[in-house]
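Trainee: If it helps, the file is called query-v4.txt and holds compact mmCIF, N, CA and C atoms:
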# COMPACT_ATOMS: atom_id res chain seq x y z
N MET W 1 -4.17 -35.42 0.81
CA MET W 1 -4.23 -36.65 0.05
C MET W 1 -2.81 -37.13 -0.21
N VAL W 2 -2.55 -38.37 0.04
CA VAL W 2 -1.24 -38.95 -0.17
C VAL W 2 -1.35 -40.00 -1.25
N GLN W 3 -0.66 -39.80 -2.36
CA GLN W 3 -0.66 -40.73 -3.49
C GLN W 3 -2.07 -41.19 -3.83
N GLY W 4 -3.00 -40.24 -3.95
CA GLY W 4 -4.35 -40.55 -4.37
C GLY W 4 -5.27 -41.06 -3.27
N LYS W 5 -4.77 -41.24 -2.06
CA LYS W 5 -5.59 -41.75 -0.97
C LYS W 5 -5.69 -40.70 0.13
N PRO W 6 -6.92 -40.29 0.48
CA PRO W 6 -7.05 -39.30 1.56
C PRO W 6 -6.70 -39.91 2.91
N LEU W 7 -6.05 -39.13 3.75
CA LEU W 7 -5.76 -39.59 5.11
C LEU W 7 -7.00 -39.37 5.97
N LYS W 8 -7.18 -40.21 6.97
CA LYS W 8 -8.35 -40.12 7.82
C LYS W 8 -8.32 -38.86 8.69
N HIS W 9 -7.16 -38.44 9.10
CA HIS W 9 -7.05 -37.23 9.89
C HIS W 9 -5.79 -36.47 9.47
N ARG W 10 -5.77 -35.23 9.81
CA ARG W 10 -4.64 -34.38 9.43
C ARG W 10 -3.41 -34.79 10.23
N ARG W 11 -2.33 -35.08 9.54
CA ARG W 11 -1.08 -35.51 10.17
C ARG W 11 -0.22 -34.28 10.44
N THR W 12 0.53 -34.30 11.53
CA THR W 12 1.37 -33.18 11.92
C THR W 12 2.83 -33.57 11.85
N ILE W 13 3.60 -32.75 11.16
CA ILE W 13 5.04 -32.95 11.06
C ILE W 13 5.71 -31.77 11.76
N LEU W 14 6.63 -32.07 12.67
CA LEU W 14 7.43 -31.03 13.30
C LEU W 14 8.78 -31.00 12.60
N PHE W 15 9.11 -29.87 12.02
CA PHE W 15 10.33 -29.67 11.26
C PHE W 15 11.23 -28.72 12.05
N ILE W 16 12.41 -29.18 12.45
CA ILE W 16 13.29 -28.39 13.32
C ILE W 16 14.59 -28.10 12.59
N ASP W 17 14.89 -26.81 12.43
CA ASP W 17 16.11 -26.40 11.75
C ASP W 17 16.43 -24.97 12.16
N ASP W 18 17.67 -24.69 12.45
CA ASP W 18 18.05 -23.33 12.84
C ASP W 18 18.24 -22.41 11.65
N GLU W 19 18.17 -22.94 10.44
CA GLU W 19 18.30 -22.12 9.23
C GLU W 19 16.92 -21.80 8.69
N SER W 20 16.55 -20.53 8.72
CA SER W 20 15.20 -20.12 8.33
C SER W 20 14.88 -20.48 6.88
N ALA W 21 15.88 -20.53 6.02
CA ALA W 21 15.62 -20.88 4.61
C ALA W 21 15.02 -22.28 4.50
N TRP W 22 15.50 -23.22 5.31
CA TRP W 22 14.96 -24.58 5.27
C TRP W 22 13.54 -24.61 5.84
N LEU W 23 13.30 -23.84 6.89
CA LEU W 23 11.95 -23.78 7.46
C LEU W 23 10.96 -23.24 6.44
N GLU W 24 11.36 -22.20 5.73
CA GLU W 24 10.49 -21.61 4.70
C GLU W 24 10.28 -22.59 3.55
N ALA W 25 11.35 -23.27 3.16
CA ALA W 25 11.26 -24.23 2.05
C ALA W 25 10.28 -25.34 2.35
N ILE W 26 10.30 -25.85 3.56
CA ILE W 26 9.40 -26.94 3.91
C ILE W 26 7.95 -26.48 3.87
N GLN W 27 7.71 -25.27 4.32
CA GLN W 27 6.34 -24.76 4.30
C GLN W 27 5.85 -24.55 2.87
N LEU W 28 6.74 -24.16 1.98
CA LEU W 28 6.37 -24.01 0.57
C LEU W 28 6.17 -25.36 -0.10
N ALA W 29 6.95 -26.33 0.29
CA ALA W 29 6.93 -27.65 -0.36
C ALA W 29 5.67 -28.43 -0.05
N VAL W 30 5.20 -28.36 1.17
CA VAL W 30 4.08 -29.21 1.58
C VAL W 30 2.80 -28.38 1.60
N THR W 31 2.05 -28.53 0.55
CA THR W 31 0.78 -27.80 0.43
C THR W 31 -0.41 -28.74 0.59
N ASP W 32 -0.12 -29.99 0.85
CA ASP W 32 -1.15 -31.01 1.03
C ASP W 32 -1.98 -30.65 2.26
N LYS W 33 -3.28 -30.56 2.10
CA LYS W 33 -4.18 -30.14 3.19
C LYS W 33 -4.29 -31.20 4.30
N SER W 34 -3.85 -32.43 4.02
CA SER W 34 -3.94 -33.46 5.05
C SER W 34 -2.71 -33.46 5.95
N VAL W 35 -1.79 -32.52 5.71
CA VAL W 35 -0.55 -32.43 6.49
C VAL W 35 -0.43 -31.04 7.09
N LYS W 36 -0.19 -31.00 8.39
CA LYS W 36 0.08 -29.72 9.06
C LYS W 36 1.56 -29.69 9.39
N ILE W 37 2.22 -28.60 9.01
CA ILE W 37 3.64 -28.42 9.30
C ILE W 37 3.80 -27.48 10.48
N MET W 38 4.48 -27.94 11.51
CA MET W 38 4.91 -27.07 12.60
C MET W 38 6.41 -26.90 12.42
N THR W 39 6.92 -25.72 12.68
CA THR W 39 8.36 -25.50 12.58
C THR W 39 8.91 -24.98 13.89
N ALA W 40 10.18 -25.26 14.10
CA ALA W 40 10.89 -24.75 15.27
C ALA W 40 12.32 -24.45 14.83
N ALA W 41 12.85 -23.35 15.32
CA ALA W 41 14.20 -22.92 14.94
C ALA W 41 15.26 -23.38 15.93
N SER W 42 14.85 -24.10 16.97
CA SER W 42 15.80 -24.57 17.98
C SER W 42 15.22 -25.78 18.70
N GLY W 43 16.09 -26.48 19.40
CA GLY W 43 15.63 -27.60 20.20
C GLY W 43 14.68 -27.17 21.30
N GLU W 44 14.98 -26.04 21.93
CA GLU W 44 14.14 -25.54 23.01
C GLU W 44 12.74 -25.22 22.50
N GLU W 45 12.66 -24.55 21.34
CA GLU W 45 11.37 -24.22 20.76
C GLU W 45 10.62 -25.50 20.38
N ALA W 46 11.33 -26.48 19.87
CA ALA W 46 10.71 -27.75 19.50
C ALA W 46 10.07 -28.43 20.71
N LEU W 47 10.77 -28.44 21.83
CA LEU W 47 10.22 -29.07 23.04
C LEU W 47 8.94 -28.38 23.49
N GLN W 48 8.90 -27.06 23.39
CA GLN W 48 7.69 -26.32 23.75
C GLN W 48 6.53 -26.70 22.83
N LYS W 49 6.81 -26.78 21.54
CA LYS W 49 5.75 -27.08 20.58
C LYS W 49 5.26 -28.52 20.72
N ILE W 50 6.15 -29.43 21.01
CA ILE W 50 5.77 -30.83 21.19
C ILE W 50 4.80 -30.97 22.36
N HIS W 51 5.03 -30.21 23.42
CA HIS W 51 4.15 -30.30 24.59
C HIS W 51 2.77 -29.73 24.30
N ARG W 52 2.68 -28.81 23.33
CA ARG W 52 1.38 -28.25 22.97
C ARG W 52 0.62 -29.15 22.01
N ARG W 53 1.35 -29.79 21.10
CA ARG W 53 0.71 -30.67 20.11
C ARG W 53 1.68 -31.79 19.75
N LYS W 54 1.29 -33.00 20.00
CA LYS W 54 2.13 -34.15 19.71
C LYS W 54 2.17 -34.36 18.19
N PRO W 55 3.36 -34.34 17.60
CA PRO W 55 3.45 -34.55 16.15
C PRO W 55 3.37 -36.03 15.79
N ASP W 56 3.06 -36.28 14.52
CA ASP W 56 3.06 -37.65 14.00
C ASP W 56 4.43 -38.04 13.48
N LEU W 57 5.28 -37.03 13.23
CA LEU W 57 6.61 -37.26 12.68
C LEU W 57 7.48 -36.06 13.03
N ILE W 58 8.73 -36.31 13.41
CA ILE W 58 9.67 -35.23 13.70
C ILE W 58 10.84 -35.35 12.74
N LEU W 59 11.16 -34.24 12.09
CA LEU W 59 12.37 -34.15 11.26
C LEU W 59 13.23 -33.08 11.88
N SER W 60 14.46 -33.43 12.20
CA SER W 60 15.33 -32.51 12.92
C SER W 60 16.70 -32.41 12.29
N ASP W 61 17.17 -31.19 12.16
CA ASP W 61 18.54 -30.95 11.74
C ASP W 61 19.47 -31.52 12.83
N VAL W 62 20.66 -31.90 12.43
CA VAL W 62 21.63 -32.42 13.38
C VAL W 62 22.37 -31.28 14.06
N ARG W 63 22.92 -30.39 13.28
CA ARG W 63 23.74 -29.31 13.83
C ARG W 63 22.92 -28.05 14.08
N MET W 64 22.71 -27.78 15.36
CA MET W 64 22.01 -26.57 15.79
C MET W 64 22.73 -26.04 17.02
N PRO W 65 22.71 -24.73 17.22
CA PRO W 65 23.36 -24.19 18.41
C PRO W 65 22.59 -24.54 19.68
N PHE W 66 23.29 -24.55 20.79
CA PHE W 66 22.76 -24.78 22.14
C PHE W 66 22.34 -26.24 22.38
N MET W 67 21.45 -26.76 21.56
CA MET W 67 21.02 -28.15 21.70
C MET W 67 21.03 -28.76 20.30
N ASN W 68 21.95 -29.68 20.06
CA ASN W 68 21.99 -30.27 18.72
C ASN W 68 20.87 -31.30 18.58
N GLY W 69 20.71 -31.80 17.36
CA GLY W 69 19.63 -32.74 17.08
C GLY W 69 19.71 -34.03 17.87
N PHE W 70 20.94 -34.50 18.13
CA PHE W 70 21.11 -35.73 18.90
C PHE W 70 20.65 -35.54 20.35
N ASP W 71 21.01 -34.40 20.95
CA ASP W 71 20.58 -34.12 22.33
C ASP W 71 19.06 -33.96 22.40
N LEU W 72 18.49 -33.29 21.40
CA LEU W 72 17.04 -33.13 21.35
C LEU W 72 16.36 -34.48 21.24
N PHE W 73 16.88 -35.34 20.38
CA PHE W 73 16.34 -36.68 20.21
C PHE W 73 16.29 -37.41 21.55
N GLU W 74 17.39 -37.37 22.29
CA GLU W 74 17.44 -38.07 23.57
C GLU W 74 16.44 -37.50 24.57
N LYS W 75 16.25 -36.17 24.56
CA LYS W 75 15.26 -35.55 25.46
C LYS W 75 13.85 -36.00 25.10
N ILE W 76 13.56 -36.01 23.81
CA ILE W 76 12.22 -36.40 23.37
C ILE W 76 11.97 -37.87 23.67
N ARG W 77 12.91 -38.71 23.34
CA ARG W 77 12.73 -40.15 23.54
C ARG W 77 12.74 -40.55 25.01
N SER W 78 13.25 -39.70 25.88
CA SER W 78 13.24 -40.02 27.31
C SER W 78 11.84 -39.87 27.91
N ASN W 79 10.94 -39.20 27.18
CA ASN W 79 9.58 -39.02 27.65
C ASN W 79 8.71 -40.12 27.03
N PRO W 80 8.14 -41.00 27.86
CA PRO W 80 7.34 -42.12 27.32
C PRO W 80 6.20 -41.68 26.39
N GLN W 81 5.68 -40.49 26.61
CA GLN W 81 4.58 -39.99 25.79
C GLN W 81 5.00 -39.78 24.33
N TYR W 82 6.28 -39.51 24.09
CA TYR W 82 6.77 -39.19 22.75
C TYR W 82 7.72 -40.24 22.20
N ARG W 83 7.97 -41.28 22.94
CA ARG W 83 8.96 -42.29 22.56
C ARG W 83 8.66 -42.94 21.21
N ALA W 84 7.39 -43.11 20.88
CA ALA W 84 7.02 -43.80 19.65
C ALA W 84 6.89 -42.88 18.44
N VAL W 85 7.04 -41.58 18.64
CA VAL W 85 6.94 -40.65 17.51
C VAL W 85 8.16 -40.85 16.61
N PRO W 86 7.95 -41.16 15.33
CA PRO W 86 9.09 -41.34 14.42
C PRO W 86 9.96 -40.08 14.36
N TYR W 87 11.27 -40.27 14.40
CA TYR W 87 12.24 -39.17 14.44
C TYR W 87 13.26 -39.41 13.34
N VAL W 88 13.36 -38.46 12.43
CA VAL W 88 14.28 -38.55 11.30
C VAL W 88 15.24 -37.37 11.36
N PHE W 89 16.52 -37.67 11.29
CA PHE W 89 17.53 -36.61 11.25
C PHE W 89 17.72 -36.13 9.82
N MET W 90 18.03 -34.85 9.69
CA MET W 90 18.38 -34.26 8.40
C MET W 90 19.68 -33.49 8.60
N SER W 91 20.53 -33.57 7.61
CA SER W 91 21.75 -32.79 7.72
C SER W 91 22.46 -32.72 6.38
N SER W 92 23.24 -31.68 6.22
CA SER W 92 24.08 -31.58 5.04
C SER W 92 25.40 -32.31 5.30
N ILE W 93 25.45 -32.95 6.45
CA ILE W 93 26.65 -33.68 6.82
C ILE W 93 26.67 -35.01 6.09
N ASP W 94 27.56 -35.14 5.13
CA ASP W 94 27.75 -36.44 4.49
C ASP W 94 28.86 -37.11 5.28
N ASP W 95 28.49 -37.55 6.46
CA ASP W 95 29.46 -37.95 7.46
C ASP W 95 29.05 -39.30 8.05
N PHE W 96 29.90 -40.25 7.92
CA PHE W 96 29.63 -41.59 8.44
C PHE W 96 29.34 -41.55 9.94
N ASP W 97 30.10 -40.74 10.69
CA ASP W 97 29.91 -40.69 12.14
C ASP W 97 28.52 -40.19 12.52
N ALA W 98 28.05 -39.14 11.84
CA ALA W 98 26.72 -38.61 12.15
C ALA W 98 25.64 -39.64 11.82
N LYS W 99 25.76 -40.28 10.68
CA LYS W 99 24.79 -41.31 10.30
C LYS W 99 24.84 -42.48 11.28
N HIS W 100 26.04 -42.86 11.66
CA HIS W 100 26.21 -43.96 12.61
C HIS W 100 25.60 -43.59 13.97
N THR W 101 25.84 -42.37 14.42
CA THR W 101 25.28 -41.91 15.69
C THR W 101 23.75 -41.93 15.64
N ALA W 102 23.19 -41.45 14.55
CA ALA W 102 21.73 -41.43 14.40
C ALA W 102 21.18 -42.85 14.49
N LYS W 103 21.82 -43.77 13.80
CA LYS W 103 21.36 -45.17 13.81
C LYS W 103 21.53 -45.77 15.20
N LYS W 104 22.67 -45.50 15.84
CA LYS W 104 22.95 -46.04 17.17
C LYS W 104 21.94 -45.53 18.21
N LEU W 105 21.53 -44.27 18.08
CA LEU W 105 20.55 -43.70 19.00
C LEU W 105 19.15 -44.29 18.80
N GLY W 106 18.92 -44.85 17.62
CA GLY W 106 17.61 -45.44 17.34
C GLY W 106 16.71 -44.57 16.50
N ALA W 107 17.29 -43.64 15.76
CA ALA W 107 16.49 -42.78 14.88
C ALA W 107 15.83 -43.62 13.81
N ASP W 108 14.74 -43.10 13.28
CA ASP W 108 13.98 -43.81 12.27
C ASP W 108 14.45 -43.52 10.84
N GLY W 109 15.39 -42.61 10.71
CA GLY W 109 15.90 -42.30 9.38
C GLY W 109 16.89 -41.16 9.41
N TYR W 110 17.50 -40.93 8.25
CA TYR W 110 18.50 -39.88 8.08
C TYR W 110 18.40 -39.39 6.64
N ILE W 111 18.14 -38.11 6.47
CA ILE W 111 18.00 -37.50 5.15
C ILE W 111 19.15 -36.51 4.97
N GLU W 112 19.80 -36.59 3.81
CA GLU W 112 20.89 -35.65 3.52
C GLU W 112 20.35 -34.42 2.79
N LYS W 113 20.79 -33.25 3.23
CA LYS W 113 20.51 -32.01 2.54
C LYS W 113 21.68 -31.75 1.60
N PRO W 114 21.54 -31.00 0.56
CA PRO W 114 20.33 -30.26 0.18
C PRO W 114 19.35 -31.14 -0.56
N TYR W 115 18.13 -30.72 -0.53
CA TYR W 115 17.09 -31.39 -1.29
C TYR W 115 16.22 -30.32 -1.91
N ASP W 116 15.61 -30.65 -3.02
CA ASP W 116 14.74 -29.68 -3.67
C ASP W 116 13.34 -29.76 -3.06
N LEU W 117 12.49 -28.80 -3.40
CA LEU W 117 11.16 -28.74 -2.80
C LEU W 117 10.34 -29.99 -3.12
N GLU W 118 10.38 -30.43 -4.35
CA GLU W 118 9.64 -31.64 -4.71
C GLU W 118 10.22 -32.86 -3.99
N GLY W 119 11.54 -32.88 -3.85
CA GLY W 119 12.19 -33.99 -3.17
C GLY W 119 11.78 -34.09 -1.72
N ILE W 120 11.75 -32.97 -1.01
CA ILE W 120 11.39 -33.01 0.41
C ILE W 120 9.90 -33.34 0.57
N LYS W 121 9.07 -32.84 -0.33
CA LYS W 121 7.65 -33.17 -0.26
C LYS W 121 7.46 -34.68 -0.42
N ARG W 122 8.13 -35.26 -1.40
CA ARG W 122 8.03 -36.70 -1.64
C ARG W 122 8.51 -37.48 -0.42
N VAL W 123 9.65 -37.06 0.14
CA VAL W 123 10.21 -37.75 1.31
C VAL W 123 9.27 -37.67 2.50
N LEU W 124 8.71 -36.50 2.76
CA LEU W 124 7.81 -36.34 3.91
C LEU W 124 6.57 -37.20 3.76
N LEU W 125 5.98 -37.18 2.58
CA LEU W 125 4.77 -37.97 2.39
C LEU W 125 5.06 -39.46 2.46
N GLU W 126 6.20 -39.88 1.96
CA GLU W 126 6.59 -41.28 2.07
C GLU W 126 6.81 -41.68 3.53
N LEU W 127 7.43 -40.78 4.30
CA LEU W 127 7.65 -41.07 5.71
C LEU W 127 6.33 -41.18 6.46
N LEU W 128 5.38 -40.31 6.14
CA LEU W 128 4.07 -40.39 6.80
C LEU W 128 3.39 -41.72 6.49
N LEU W 129 3.52 -42.18 5.27
CA LEU W 129 2.95 -43.48 4.93
C LEU W 129 3.68 -44.61 5.66
N ARG W 130 4.99 -44.49 5.73
CA ARG W 130 5.81 -45.52 6.38
C ARG W 130 5.51 -45.62 7.88
N PHE W 131 5.35 -44.45 8.50
CA PHE W 131 5.12 -44.42 9.95
C PHE W 131 3.68 -44.07 10.24
N LYS W 132 2.79 -44.96 9.92
CA LYS W 132 1.38 -44.73 10.20
C LYS W 132 1.16 -44.77 11.70
N THR W 133 0.56 -43.72 12.21
CA THR W 133 0.28 -43.66 13.65
C THR W 133 -1.21 -43.60 13.85
N THR W 134 -1.61 -43.89 15.04
CA THR W 134 -3.04 -43.86 15.36
C THR W 134 -3.40 -42.56 16.00
Would you put the structure from the file into structure tokens?
Mentor:
Amino acid sequence: MVQGKPLKHRRTILFIDDESAWLEAIQLAVTDKSVKIMTAASGEEALQKIHRRKPDLILSDVRMPFMNGFDLFEKIRSNPQYRAVPYVFMSSIDDFDAKHTAKKLGADGYIEKPYDLEGIKRVLLELLLRFKTT
């Protein structure tokens, strides 16, 4: 249920971060039964999970080893099947260049870490409402 209104179907959010503490925090924060959280600790793992189940929303850390969030974004958006999936970057980088790069690439948003559990829950549910998919 989102702000008192039940969703017609269960929405899936893919949360990508190489820091396990953030992955655990997101799973604790979102207890809403209308939302399914998938997590990935790397860009490679995220690509595998996306091919198994198309998410309704992707939240990705910017700085990750091997494949950073920007490279992952470009790989995902290069596939027409996933081009319309909303993609939001998250980072503890309070950096104009990172925000500018995210905007230039065409990301749907940028969230700064750290955030508290209630804060991330609110942000995720607001994003799901903002990016209604069929």
Trainee: Taking the DSSP assignment computed from this structure's backbone, write out as a ChimeraX atom specification all residues of range 30-99 of chain W that belong to strand (DSSP E or B).
Mentor: /W:35-40,57-61,87-91
Trainee: Could you check which of W:Ala21, W:Leu47, W:Ile26, W:Ala40 is closest to Ile76 in chain W, using only N, CA and C atoms?
Mentor: W:Leu47
Trainee: Which residue is closest to Ala107 in chain W? Choose from W:Ile16, W:Gly119, W:Val88, W:Asp95 and count all atoms listed in the file.
Mentor: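 Nearest to Ala107 in chain W: W:Val88.
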Trainee: Got a sec: who's within 8 Å of Arg63 in chain W, counting only N, CA and C atoms, leaving out chain neighbours fewer than 2 positions off, as a list in words?
Mentor: Asp17, Asp18, Glu19, Ser60, Asp61, Pro65, Phe66, Met67, Asn68, Gly69, Phe70, Met90, Ser91, Ser92 and Ile93 of chain W
Trainee: How far is it from atom C of Asp71 in chain W to atom N of Leu127 in chain W, in Å with one decimal?
Mentor: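 A separation of 22.6 Å between them.
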Trainee: Can you list, as a VMD selection string, all residues belonging to range 2-119 of chain W that DSSP tags as helix (DSSP H, G or I)?
Mentor: chain W and resid 20 to 29 43 to 52 69 to 77 96 to 105 117 to 119
Trainee: CA of Ala25 in chain W and CA of Arg10 in chain W are how many Å apart?
Mentor: 20.3 Å
Trainee: Please determine, counting only C-alpha atoms, which residue among W:Leu59, W:Ile37, W:Leu105, W:Met64 has the shortest atom-to-atom distance to Val85 in chain W.
Mentor: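 Of all the options, W:Leu59 lies closest to Val85 in chain W.
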Trainee: Counting only N, CA and C atoms, figure out which residue out of W:Val30, W:Leu14, W:Glu24, W:Phe89 gets nearest to Glu118 in chain W.
Mentor: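 Looking only at the distances to Glu118 in chain W, the closest residue turns out to be W:Val30.
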Trainee: When you draw a straight line from CA of Ala84 in chain W to CA of Asp56 in chain W, how long is it in Å?
Mentor: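 Between CA of Ala84 in chain W and CA of Asp56 in chain W the gap works out to 9.2 Å.
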Trainee: Counting only N, CA and C atoms, which residue out of W:Gln48, W:Ala41, W:Arg130, W:Ile58 sits closest to Ile13 in chain W?
Mentor: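 Looking only at the distances to Ile13 in chain W, the closest residue turns out to be W:Ile58.
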Trainee: Restricting the calculation to only C-alpha atoms, which member of W:Phe131, W:Tyr115, W:Leu72, W:Ala98 is positioned closest to Leu57 in chain W?
Mentor: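 Selected residue with least distance to Leu57 in chain W: W:Phe131.
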Trainee: Mind working out the centre and edge lengths of an axis-aligned box for range 29-44 of chain W, all listed atoms inside, 8 Å added to each side, rounded to one decimal in Å and written as JSON?
Mentor:
{"center_x": 5.9, "center_y": -28.2, "center_z": 11.3, "size_x": 36.4, "size_y": 26.5, "size_z": 39.4}
Trainee: Could you pull the residues within 5 Å of Arg11 in chain W, counting only N, CA and C atoms, minus those fewer than 2 positions along the same chain, as a list of chain:residue names?
Mentor: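 Using only N, CA and C atoms, the neighbours found are W:His9, W:Ile13, W:Ser34, W:Val35, W:Lys36.
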Trainee: Restricted to N, CA and C atoms, what would the selected residues look like written as a PDB file, keeping the file's coordinate frame?
Mentor:
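Done, and the output landed in selection33.pdb:
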ATOM      1  N   HIS W   9      -7.160 -38.440   9.100  1.00  0.00           N
ATOM      2  CA  HIS W   9      -7.050 -37.230   9.890  1.00  0.00           C
ATOM      3  C   HIS W   9      -5.790 -36.470   9.470  1.00  0.00           C
ATOM      4  N   ILE W  13       3.600 -32.750  11.160  1.00  0.00           N
ATOM      5  CA  ILE W  13       5.040 -32.950  11.060  1.00  0.00           C
ATOM      6  C   ILE W  13       5.710 -31.770  11.760  1.00  0.00           C
ATOM      7  N   SER W  34      -3.850 -32.430   4.020  1.00  0.00           N
ATOM      8  CA  SER W  34      -3.940 -33.460   5.050  1.00  0.00           C
ATOM      9  C   SER W  34      -2.710 -33.460   5.950  1.00  0.00           C
ATOM     10  N   VAL W  35      -1.790 -32.520   5.710  1.00  0.00           N
ATOM     11  CA  VAL W  35      -0.550 -32.430   6.490  1.00  0.00           C
ATOM     12  C   VAL W  35      -0.430 -31.040   7.090  1.00  0.00           C
ATOM     13  N   LYS W  36      -0.190 -31.000   8.390  1.00  0.00           N
ATOM     14  CA  LYS W  36       0.080 -29.720   9.060  1.00  0.00           C
ATOM     15  C   LYS W  36       1.560 -29.690   9.390  1.00  0.00           C
TER      16      LYS W  36
END
